[in-house]
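Have a look at coords_6.pdb; it's PDB, C-alpha atoms:
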```
ATOM      1  CA  MET A  22       0.000   0.000   0.000
ATOM      2  CA  ARG A  23       1.280   3.452  -0.940
ATOM      3  CA  ILE A  24       1.185   6.237   1.670
ATOM      4  CA  GLY A  25       0.320   9.801   0.679
ATOM      5  CA  PHE A  26      -0.278  13.038   2.573
ATOM      6  CA  PHE A  27      -3.690  14.632   3.161
ATOM      7  CA  LEU A  28      -3.841  18.435   2.848
ATOM      8  CA  ALA A  29      -6.735  19.397   5.151
ATOM      9  CA  ALA A  30      -7.978  22.664   3.688
ATOM     10  CA  GLU A  31     -10.459  23.081   6.562
ATOM     11  CA  GLU A  32      -7.557  23.532   8.990
ATOM     12  CA  PHE A  33      -4.765  25.375   7.163
ATOM     13  CA  THR A  34      -4.181  28.543   5.160
ATOM     14  CA  PRO A  35      -3.246  28.362   1.468
ATOM     15  CA  GLY A  36       0.386  29.148   2.313
ATOM     16  CA  GLU A  37       0.490  26.393   4.930
ATOM     17  CA  LEU A  38      -1.013  23.874   2.516
ATOM     18  CA  ILE A  39       1.588  24.731  -0.120
ATOM     19  CA  ALA A  40       4.422  24.385   2.404
ATOM     20  CA  GLN A  41       3.053  21.035   3.593
ATOM     21  CA  ALA A  42       2.818  19.780   0.018
ATOM     22  CA  ARG A  43       6.469  20.627  -0.628
ATOM     23  CA  ALA A  44       7.578  18.992   2.621
ATOM     24  CA  ALA A  45       5.479  15.882   1.990
ATOM     25  CA  GLU A  46       6.973  15.434  -1.467
ATOM     26  CA  ASP A  47      10.504  15.916  -0.108
ATOM     27  CA  ALA A  48       9.784  13.362   2.654
ATOM     28  CA  GLY A  49       8.796  10.711   0.111
ATOM     29  CA  PHE A  50       5.019  10.598   0.395
ATOM     30  CA  HIS A  51       3.412   8.991  -2.656
ATOM     31  CA  GLY A  52       1.039  11.828  -3.510
ATOM     32  CA  LEU A  53      -1.472  14.325  -2.139
ATOM     33  CA  TRP A  54      -5.118  14.527  -1.217
ATOM     34  CA  ILE A  55      -6.755  17.922  -0.748
ATOM     35  CA  SER A  56     -10.247  18.575   0.586
ATOM     36  CA  ASP A  57     -12.759  20.823  -1.197
ATOM     37  CA  HIS A  58     -15.062  22.702   1.211
ATOM     38  CA  TYR A  59     -16.912  25.985   1.483
ATOM     39  CA  HIS A  60     -16.970  25.752   5.298
ATOM     40  CA  PRO A  61     -14.781  24.006   7.847
ATOM     41  CA  TRP A  62     -16.573  21.493  10.068
ATOM     42  CA  ASN A  63     -16.239  23.861  13.056
ATOM     43  CA  ASP A  64     -14.806  27.267  13.872
ATOM     44  CA  GLU A  65     -11.784  25.796  15.664
ATOM     45  CA  GLN A  66     -10.506  24.417  12.338
ATOM     46  CA  GLY A  67     -10.915  27.931  11.060
ATOM     47  CA  GLU A  68     -10.020  27.796   7.338
ATOM     48  CA  SER A  69     -11.525  26.853   3.990
ATOM     49  CA  PRO A  70      -9.747  28.347   0.964
ATOM     50  CA  PHE A  71     -11.090  27.887  -2.563
ATOM     51  CA  VAL A  72      -9.378  24.659  -3.535
ATOM     52  CA  TRP A  73      -8.955  25.486  -7.226
ATOM     53  CA  ASN A  74      -6.691  28.449  -6.459
ATOM     54  CA  VAL A  75      -4.596  26.255  -4.164
ATOM     55  CA  LEU A  76      -4.393  23.501  -6.778
ATOM     56  CA  GLY A  77      -2.984  25.956  -9.302
ATOM     57  CA  ALA A  78      -0.200  26.778  -6.872
ATOM     58  CA  LEU A  79       0.405  23.116  -6.058
ATOM     59  CA  SER A  80       0.894  22.370  -9.741
ATOM     60  CA  GLN A  81       3.869  24.713  -9.692
ATOM     61  CA  VAL A  82       5.547  23.591  -6.445
ATOM     62  CA  THR A  83       5.217  19.802  -6.768
ATOM     63  CA  SER A  84       6.557  17.604  -9.519
ATOM     64  CA  ARG A  85       5.663  13.985  -8.818
ATOM     65  CA  GLY A  86       2.899  11.816  -7.460
ATOM     66  CA  PRO A  87      -0.865  12.031  -7.969
ATOM     67  CA  VAL A  88      -2.914  14.930  -6.590
ATOM     68  CA  THR A  89      -6.576  14.186  -5.892
ATOM     69  CA  THR A  90      -9.510  16.310  -4.776
ATOM     70  CA  ALA A  91     -10.973  14.429  -1.836
ATOM     71  CA  VAL A  92     -13.607  15.130  -2.712
ATOM     72  CA  THR A  93     -15.392  17.738  -4.844
ATOM     73  CA  CYS A  94     -19.174  17.841  -5.008
ATOM     74  CA  PRO A  95     -19.986  18.866  -8.623
ATOM     75  CA  THR A  96     -23.763  18.979  -8.239
ATOM     76  CA  VAL A  97     -25.263  21.830  -6.196
ATOM     77  CA  ARG A  98     -22.995  24.705  -5.130
ATOM     78  CA  ILE A  99     -21.132  24.759  -8.479
ATOM     79  CA  HIS A 100     -22.720  23.598 -11.743
ATOM     80  CA  PRO A 101     -21.000  20.585 -13.312
ATOM     81  CA  ALA A 102     -20.289  22.516 -16.525
ATOM     82  CA  VAL A 103     -18.196  24.971 -14.492
ATOM     83  CA  MET A 104     -16.574  22.143 -12.547
ATOM     84  CA  ALA A 105     -15.664  20.501 -15.863
ATOM     85  CA  GLN A 106     -13.788  23.640 -16.915
ATOM     86  CA  ALA A 107     -12.056  24.014 -13.517
ATOM     87  CA  ALA A 108     -10.905  20.392 -13.498
ATOM     88  CA  ALA A 109      -9.798  20.507 -17.141
ATOM     89  CA  THR A 110      -7.614  23.564 -16.509
ATOM     90  CA  THR A 111      -6.169  21.970 -13.376
ATOM     91  CA  ALA A 112      -5.401  18.754 -15.231
ATOM     92  CA  ALA A 113      -3.716  20.744 -18.014
ATOM     93  CA  MET A 114      -1.423  22.281 -15.380
ATOM     94  CA  PHE A 115      -0.628  18.992 -13.601
ATOM     95  CA  GLY A 116      -0.269  16.814 -16.681
ATOM     96  CA  ASP A 117      -1.241  13.252 -15.883
ATOM     97  CA  ARG A 118      -0.930  13.722 -12.094
ATOM     98  CA  PHE A 119      -4.379  15.182 -11.379
ATOM     99  CA  ARG A 120      -7.350  13.065 -10.290
ATOM    100  CA  PHE A 121     -10.768  14.658 -10.036
ATOM    101  CA  GLY A 122     -12.203  12.939  -6.969
ATOM    102  CA  VAL A 123     -15.948  13.551  -6.609
ATOM    103  CA  GLY A 124     -18.777  12.685  -4.257
ATOM    104  CA  SER A 125     -22.397  13.493  -3.485
ATOM    105  CA  GLY A 126     -21.427  16.176  -0.960
ATOM    106  CA  GLU A 127     -22.524  17.511   2.402
ATOM    107  CA  ALA A 128     -25.178  20.053   3.300
ATOM    108  CA  LEU A 129     -22.431  21.899   5.215
ATOM    109  CA  ASN A 130     -21.035  23.184   1.909
ATOM    110  CA  GLU A 131     -23.834  22.830  -0.600
ATOM    111  CA  HIS A 132     -26.640  24.740   1.149
ATOM    112  CA  VAL A 133     -24.940  28.129   0.840
ATOM    113  CA  LEU A 134     -26.882  29.325  -2.233
ATOM    114  CA  GLY A 135     -30.210  28.436  -0.634
ATOM    115  CA  ASP A 136     -30.863  25.380  -2.779
ATOM    116  CA  PRO A 137     -32.708  22.489  -1.127
ATOM    117  CA  TRP A 138     -30.561  19.595   0.086
ATOM    118  CA  PRO A 139     -31.893  16.491  -1.715
ATOM    119  CA  GLU A 140     -32.290  13.055  -0.197
ATOM    120  CA  ALA A 141     -29.454  10.578  -0.703
ATOM    121  CA  GLU A 142     -30.889   8.789  -3.741
ATOM    122  CA  VAL A 143     -31.470  12.070  -5.578
ATOM    123  CA  ARG A 144     -27.943  13.236  -4.735
ATOM    124  CA  LEU A 145     -26.558  10.073  -6.332
ATOM    125  CA  GLU A 146     -28.734  10.650  -9.435
ATOM    126  CA  MET A 147     -27.363  14.174  -9.658
ATOM    127  CA  LEU A 148     -23.789  12.946  -9.266
ATOM    128  CA  GLU A 149     -24.183  10.375 -12.034
ATOM    129  CA  GLU A 150     -25.612  12.943 -14.448
ATOM    130  CA  ALA A 151     -22.912  15.450 -13.490
ATOM    131  CA  VAL A 152     -20.105  12.966 -14.171
ATOM    132  CA  GLU A 153     -21.652  12.062 -17.533
ATOM    133  CA  LEU A 154     -21.891  15.758 -18.477
ATOM    134  CA  ILE A 155     -18.347  16.522 -17.328
ATOM    135  CA  ARG A 156     -16.900  13.693 -19.409
ATOM    136  CA  GLU A 157     -18.903  14.845 -22.433
ATOM    137  CA  LEU A 158     -17.529  18.380 -22.079
ATOM    138  CA  TRP A 159     -13.984  17.022 -21.767
ATOM    139  CA  ARG A 160     -14.220  15.777 -25.362
ATOM    140  CA  GLY A 161     -13.796  19.397 -26.450
ATOM    141  CA  GLU A 162     -16.918  19.507 -28.579
ATOM    142  CA  VAL A 163     -19.975  21.763 -28.352
ATOM    143  CA  VAL A 164     -22.397  20.302 -25.828
ATOM    144  CA  ASN A 165     -26.127  20.860 -25.530
ATOM    145  CA  HIS A 166     -27.574  18.930 -22.631
ATOM    146  CA  ARG A 167     -31.075  18.829 -21.196
ATOM    147  CA  GLY A 168     -31.154  16.241 -18.454
ATOM    148  CA  ARG A 169     -33.223  15.599 -15.375
ATOM    149  CA  HIS A 170     -31.079  17.839 -13.164
ATOM    150  CA  TYR A 171     -28.877  19.970 -15.454
ATOM    151  CA  HIS A 172     -29.205  22.060 -18.609
ATOM    152  CA  VAL A 173     -26.279  23.194 -20.763
ATOM    153  CA  GLN A 174     -26.584  25.325 -23.896
ATOM    154  CA  HIS A 175     -23.832  25.422 -26.526
ATOM    155  CA  ALA A 176     -20.945  24.909 -24.103
ATOM    156  CA  ARG A 177     -17.439  24.009 -25.222
ATOM    157  CA  ILE A 178     -14.267  23.709 -23.169
ATOM    158  CA  TYR A 179     -11.246  24.889 -25.132
ATOM    159  CA  THR A 180      -8.404  24.423 -22.616
ATOM    160  CA  LEU A 181      -8.065  20.677 -22.145
ATOM    161  CA  PRO A 182      -5.351  18.318 -20.875
ATOM    162  CA  ASP A 183      -3.764  15.787 -23.221
ATOM    163  CA  ALA A 184      -5.892  13.088 -21.577
ATOM    164  CA  ALA A 185      -8.995  13.413 -19.402
ATOM    165  CA  PRO A 186      -8.205  12.973 -15.702
ATOM    166  CA  PRO A 187      -9.535   9.945 -13.854
ATOM    167  CA  ILE A 188     -12.681  10.466 -11.772
ATOM    168  CA  PRO A 189     -12.572   8.381  -8.585
ATOM    169  CA  ILE A 190     -15.859   8.474  -6.668
ATOM    170  CA  SER A 191     -16.448   8.383  -2.928
ATOM    171  CA  GLY A 192     -19.051   6.224  -1.262
ATOM    172  CA  PHE A 193     -19.976   5.259   2.291
ATOM    173  CA  GLY A 194     -23.024   3.083   1.655
ATOM    174  CA  PRO A 195     -23.908   0.258  -0.736
ATOM    175  CA  LYS A 196     -25.706   2.420  -3.321
ATOM    176  CA  ALA A 197     -22.876   4.941  -3.505
ATOM    177  CA  VAL A 198     -20.303   2.152  -3.755
ATOM    178  CA  ASP A 199     -22.264   0.549  -6.583
ATOM    179  CA  LEU A 200     -22.309   3.897  -8.411
ATOM    180  CA  ALA A 201     -18.552   4.234  -7.957
ATOM    181  CA  ALA A 202     -18.066   0.731  -9.325
ATOM    182  CA  ARG A 203     -20.290   1.408 -12.321
ATOM    183  CA  ILE A 204     -19.038   4.818 -13.485
ATOM    184  CA  GLY A 205     -15.906   5.698 -11.496
ATOM    185  CA  ASP A 206     -12.229   5.422 -12.316
ATOM    186  CA  GLY A 207     -11.526   4.500  -8.708
ATOM    187  CA  TYR A 208     -13.099   4.430  -5.264
ATOM    188  CA  VAL A 209     -12.587   6.876  -2.374
ATOM    189  CA  THR A 210     -13.333   6.092   1.274
ATOM    190  CA  THR A 211     -12.299   7.033   4.794
ATOM    191  CA  MET A 212     -12.925   3.651   6.383
ATOM    192  CA  PRO A 213     -10.980   0.356   6.364
ATOM    193  CA  ASP A 214     -14.165  -1.449   5.319
ATOM    194  CA  ALA A 215     -13.191  -4.649   3.530
ATOM    195  CA  GLU A 216     -16.819  -5.480   2.758
ATOM    196  CA  LEU A 217     -17.490  -2.218   0.897
ATOM    197  CA  ILE A 218     -14.173  -2.424  -0.939
ATOM    198  CA  GLU A 219     -14.936  -5.975  -2.058
ATOM    199  CA  ARG A 220     -18.397  -4.827  -3.120
ATOM    200  CA  TYR A 221     -16.753  -2.107  -5.224
ATOM    201  CA  ARG A 222     -14.309  -4.512  -6.862
ATOM    202  CA  SER A 223     -16.819  -7.291  -7.524
ATOM    203  CA  ASN A 224     -19.522  -4.980  -8.923
ATOM    204  CA  GLY A 225     -17.372  -3.494 -11.664
ATOM    205  CA  GLY A 226     -14.492  -1.695  -9.956
ATOM    206  CA  GLY A 227     -12.092  -4.561 -10.603
ATOM    207  CA  ASP A 228      -8.487  -3.552 -10.060
ATOM    208  CA  LYS A 229      -9.073   0.217 -10.276
ATOM    209  CA  VAL A 230      -7.387   2.208  -7.523
ATOM    210  CA  VAL A 231      -8.968   2.346  -4.065
ATOM    211  CA  GLN A 232      -7.944   5.451  -2.109
ATOM    212  CA  ALA A 233      -8.602   6.198   1.549
ATOM    213  CA  GLY A 234      -7.957   8.993   4.011
ATOM    214  CA  MET A 235      -7.019   8.686   7.677
ATOM    215  CA  LYS A 236      -6.368  11.125  10.512
ATOM    216  CA  VAL A 237      -3.508  10.861  12.986
ATOM    217  CA  CYS A 238      -2.224  13.124  15.755
ATOM    218  CA  TRP A 239       1.410  12.200  16.285
ATOM    219  CA  GLY A 240       3.317  13.901  19.097
ATOM    220  CA  SER A 241       5.511  13.272  22.105
ATOM    221  CA  ASP A 242       2.649  13.423  24.652
ATOM    222  CA  GLU A 243      -0.344  11.137  24.063
ATOM    223  CA  ALA A 244      -2.686  13.031  26.394
ATOM    224  CA  GLU A 245      -1.830  16.333  24.728
ATOM    225  CA  ALA A 246      -2.296  14.786  21.286
ATOM    226  CA  ARG A 247      -5.757  13.537  22.270
ATOM    227  CA  LYS A 248      -6.663  17.031  23.478
ATOM    228  CA  THR A 249      -5.501  18.506  20.194
ATOM    229  CA  ALA A 250      -7.466  15.972  18.148
ATOM    230  CA  ARG A 251     -10.609  16.527  20.248
ATOM    231  CA  ARG A 252     -10.279  20.322  20.064
ATOM    232  CA  ILE A 253      -9.816  20.548  16.301
ATOM    233  CA  TRP A 254     -11.535  17.466  14.839
ATOM    234  CA  PRO A 255     -14.279  16.305  17.243
ATOM    235  CA  ASN A 256     -16.486  15.595  14.235
ATOM    236  CA  GLU A 257     -14.434  12.419  13.701
ATOM    237  CA  GLY A 258     -16.501  10.968  16.529
ATOM    238  CA  LEU A 259     -19.913  11.616  14.950
ATOM    239  CA  PRO A 260     -21.860   8.542  13.781
ATOM    240  CA  GLY A 261     -24.025   7.766  10.781
ATOM    241  CA  GLU A 262     -25.126  10.349   8.230
ATOM    242  CA  LEU A 263     -24.703  13.460  10.374
ATOM    243  CA  ALA A 264     -21.716  14.589   8.293
ATOM    244  CA  GLN A 265     -23.923  14.666   5.202
ATOM    245  CA  VAL A 266     -26.993  16.383   6.649
ATOM    246  CA  LEU A 267     -25.925  18.906   9.323
ATOM    247  CA  PRO A 268     -25.909  22.284   7.533
ATOM    248  CA  THR A 269     -23.593  24.600   9.507
ATOM    249  CA  PRO A 270     -20.401  24.600  11.584
ATOM    250  CA  GLU A 271     -22.560  25.676  14.533
ATOM    251  CA  HIS A 272     -24.633  22.494  14.224
ATOM    252  CA  PHE A 273     -21.456  20.405  14.177
ATOM    253  CA  GLU A 274     -20.218  22.168  17.293
ATOM    254  CA  GLN A 275     -23.499  21.380  19.041
ATOM    255  CA  ALA A 276     -23.418  17.729  17.992
ATOM    256  CA  THR A 277     -19.795  17.230  18.984
ATOM    257  CA  GLU A 278     -20.434  18.344  22.561
ATOM    258  CA  LEU A 279     -21.228  14.646  23.041
ATOM    259  CA  VAL A 280     -17.820  13.549  21.708
ATOM    260  CA  THR A 281     -15.199  12.948  24.416
ATOM    261  CA  GLU A 282     -11.417  12.816  24.286
ATOM    262  CA  GLU A 283     -11.648   9.084  24.925
ATOM    263  CA  MET A 284     -13.891   8.627  21.882
ATOM    264  CA  ILE A 285     -11.459  10.556  19.706
ATOM    265  CA  GLY A 286      -8.538   8.586  21.143
ATOM    266  CA  GLU A 287     -10.244   5.394  19.993
ATOM    267  CA  ALA A 288     -10.983   6.751  16.509
ATOM    268  CA  VAL A 289      -7.656   8.536  15.857
ATOM    269  CA  PRO A 290      -4.139   7.230  16.614
ATOM    270  CA  CYS A 291      -2.691   9.811  19.021
ATOM    271  CA  GLY A 292       0.717  10.206  20.627
ATOM    272  CA  PRO A 293       4.239   8.896  20.057
ATOM    273  CA  ASP A 294       3.610   5.134  19.753
ATOM    274  CA  LEU A 295       4.510   4.476  16.123
ATOM    275  CA  ASP A 296       3.459   0.850  16.413
ATOM    276  CA  ARG A 297      -0.074   1.945  17.221
ATOM    277  CA  HIS A 298      -0.100   4.287  14.239
ATOM    278  CA  ALA A 299       1.267   1.536  12.003
ATOM    279  CA  ASP A 300      -1.348  -0.933  13.247
ATOM    280  CA  ALA A 301      -4.139   1.497  12.380
ATOM    281  CA  ILE A 302      -2.618   2.059   8.949
ATOM    282  CA  GLN A 303      -2.307  -1.692   8.428
ATOM    283  CA  GLU A 304      -6.078  -2.041   8.861
ATOM    284  CA  PHE A 305      -6.512  -0.110   5.614
ATOM    285  CA  ALA A 306      -3.982  -2.297   3.829
ATOM    286  CA  ASP A 307      -5.728  -5.424   5.085
ATOM    287  CA  ALA A 308      -9.073  -4.068   3.859
ATOM    288  CA  GLY A 309      -7.717  -3.745   0.307
ATOM    289  CA  VAL A 310      -6.813  -0.037   0.080
ATOM    290  CA  ASP A 311      -4.171   0.782  -2.566
ATOM    291  CA  GLU A 312      -3.356   4.364  -1.469
ATOM    292  CA  LEU A 313      -3.775   5.807   2.025
ATOM    293  CA  TYR A 314      -3.490   9.561   2.673
ATOM    294  CA  LEU A 315      -2.566  10.710   6.192
ATOM    295  CA  HIS A 316      -3.709  13.973   7.777
ATOM    296  CA  GLN A 317      -1.668  15.126  10.784
ATOM    297  CA  ILE A 318      -4.129  16.957  13.043
ATOM    298  CA  GLY A 319      -2.700  20.202  14.332
ATOM    299  CA  GLY A 320      -0.184  20.396  11.520
ATOM    300  CA  PRO A 321       2.994  18.534  10.640
ATOM    301  CA  ASP A 322       6.299  19.842  11.966
ATOM    302  CA  ASP A 323       9.869  18.928  11.085
ATOM    303  CA  ASP A 324       9.730  15.950  13.456
ATOM    304  CA  PHE A 325       6.650  14.633  11.672
ATOM    305  CA  PHE A 326       8.268  14.750   8.260
ATOM    306  CA  GLY A 327      11.665  13.728   9.593
ATOM    307  CA  LYS A 328      10.858  10.922  12.015
ATOM    308  CA  TYR A 329       7.222   9.894  11.571
ATOM    309  CA  ALA A 330       7.286   9.946   7.789
ATOM    310  CA  LYS A 331      10.617   8.134   7.592
ATOM    311  CA  GLU A 332       9.638   5.335   9.951
ATOM    312  CA  ILE A 333       6.042   4.920   8.745
ATOM    313  CA  LEU A 334       6.881   5.087   5.043
ATOM    314  CA  SER A 335       9.615   2.490   5.497
ATOM    315  CA  ARG A 336       7.018   0.014   6.815
ATOM    316  CA  PHE A 337       4.723   0.290   3.817
ATOM    317  CA  SER A 338       5.498   0.092   0.134
ATOM    318  CA  GLY A 339       3.757  -0.947  -3.008
TER
END
```
Represent the supplied structure as structure tokens.
Amino acid sequence: MRIGFFLAAEEFTPGELIAQARAAEDAGFHGLWISDHYHPWNDEQGESPFVWNVLGALSQVTSRGPVTTAVTCPTVRIHPAVMAQAAATTAAMFGDRFRFGVGSGEALNEHVLGDPWPEAEVRLEMLEEAVELIRELWRGEVVNHRGRHYHVQHARIYTLPDAAPPIPISGFGPKAVDLAARIGDGYVTTMPDAELIERYRSNGGGDKVVQAGMKVCWGSDEAEARKTARRIWPNEGLPGELAQVLPTPEHFEQATELVTEEMIGEAVPCGPDLDRHADAIQEFADAGVDELYLHQIGGPDDDFFGKYAKEILSRFSG
């Protein structure tokens, strides 16, 4: 399994994300994930830059390894015809390194224009139509489209990459996984769920890449690391579909009042014990993940890239 680095745009400024990307590449991480949000999950995280500006900068300061949006919702807040142009330009800048990861989104980001937040099945319908439209526009021809959810009139994208970027698709339930298997160029998850990964592969995903993201909080003091993880990312302890349906950072802050440090300590490897971190990472490998992207809560320092990265990366290869 290959290990990459997760750029958490909800937590860091554009300049910090760019510096982390450079350091991660120098440290030997396989590639980069970067989140695409309008809001952070809570005010303590405190950031949420427009990812497409940051991606343009990343194309100029990195030179190897895949870079994936994890993930963009191309259905509500931004029309898929506009997303097709944004992703095409980004892919033209990255060459063959860019992957346009997409998903059905969260109300947290997609409600901002006042549009209704559809039920899950409708969101998946919208995502499927959006992906179909995006791929049609990437052919570089004039497109007229009148579908169930989207209309496009005489649209043509002129700036295109040499080859269309892959579109991996996220999914956390059976219907979303089946959609990813049917139309995606890969599968994106945040769980070491062997059953869902096998469902993806057996229903059409085959040997296409399976990517996953994971949070860690490495540091010299385990108790302090747990406090940091609980302070910044308590939403990691929320169950079920809350992440998809809660509409504001304030709602997430209310919900996470029920999340304790102990709960976060169980969900996120915290502290200096590298064996514990490696064991948690191994769960993803055992589940069938091909690429795992690590987010260091609170920010990576020189010790993270010097010691943690060196020792963790040496344990995993592929």
What is the distance between atom CA of Arg160 of chain A and atom CA of Glu312 of chain A, in Å to one decimal?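 Interatomic distance here is 28.6 Å.
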Here is a test: counting all atoms listed in the file, which residue of A:Ala44, A:Leu154, A:Val75, A:Ala264 is nearest to Gln106 of chain A? A:Leu154
Neighbours of segment 126-140 of chain A within 8 Å (all atoms listed in the file; same-chain residues fewer than 5 positions away dropped), as a VMD selection string? chain A and resid 58 to 60 62 93 to 94 97 to 98 264 to 270
Point out the residue among A:Arg167, A:Ile178, A:Gly207, A:Trp254 with the least atom-to-atom distance to Gly67 of chain A, counting all atoms listed in the file. A:Trp254
From the set A:Tyr208, A:Tyr314, A:Trp159, A:Phe33, which residue has the shortest atom-to-atom contact distance to Pro70 of chain A, counting only C-alpha atoms?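 For Pro70 of chain A, the nearest of the candidates is A:Phe33.
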Give me the residues within 7 Å of Gly52 of chain A as a PyMOL selection string, counting only C-alpha atoms and dropping any in the same chain fewer than 6 places off. chain A and resi 25-26+86-88
Run the PyMOL selection byres ((chain A and resi 201-206) around 9) mentally over the shown coordinates, then write out the matched residues as a list of chain:residue names, using the chain letters and numbers from the document.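 When the PyMOL selection byres ((chain A and resi 201-206) around 9) is applied, the selected residues are A:Glu149, A:Val152, A:Glu153, A:Pro187, A:Ile188, A:Pro189, A:Ile190, A:Ser191, A:Gly192, A:Lys196, A:Ala197, A:Val198, A:Asp199, A:Leu200, A:Gly207, A:Tyr208, A:Val209, A:Arg220, A:Tyr221, A:Arg222, A:Ser223, A:Asn224, A:Gly225, A:Gly226, A:Gly227, A:Lys229, A:Val230.
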Give the answer as one residue: which of A:Lys328, A:Arg156, A:His166, A:His316 has the shortest atom-to-atom distance to Leu53 of chain A, using only C-alpha atoms? A:His316
One number please: atom CA of Glu37 of chain A to atom CA of Gly320 of chain A, in Å, one decimal.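 Rounded to one decimal, the two atoms are 8.9 Å apart.
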Test item: write segment 204-216 of chain A with C-alpha atoms as a PDB file, in the first residue's frame:
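After the write, decode_30.pdb holds the following:
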```
ATOM      1  CA  ILE A 204     -19.038   4.818 -13.485  1.00  0.00           C
ATOM      2  CA  GLY A 205     -15.906   5.698 -11.496  1.00  0.00           C
ATOM      3  CA  ASP A 206     -12.229   5.422 -12.316  1.00  0.00           C
ATOM      4  CA  GLY A 207     -11.526   4.500  -8.708  1.00  0.00           C
ATOM      5  CA  TYR A 208     -13.099   4.430  -5.264  1.00  0.00           C
ATOM      6  CA  VAL A 209     -12.587   6.876  -2.374  1.00  0.00           C
ATOM      7  CA  THR A 210     -13.333   6.092   1.274  1.00  0.00           C
ATOM      8  CA  THR A 211     -12.299   7.033   4.794  1.00  0.00           C
ATOM      9  CA  MET A 212     -12.925   3.651   6.383  1.00  0.00           C
ATOM     10  CA  PRO A 213     -10.980   0.356   6.364  1.00  0.00           C
ATOM     11  CA  ASP A 214     -14.165  -1.449   5.319  1.00  0.00           C
ATOM     12  CA  ALA A 215     -13.191  -4.649   3.530  1.00  0.00           C
ATOM     13  CA  GLU A 216     -16.819  -5.480   2.758  1.00  0.00           C
TER      14      GLU A 216
END
```
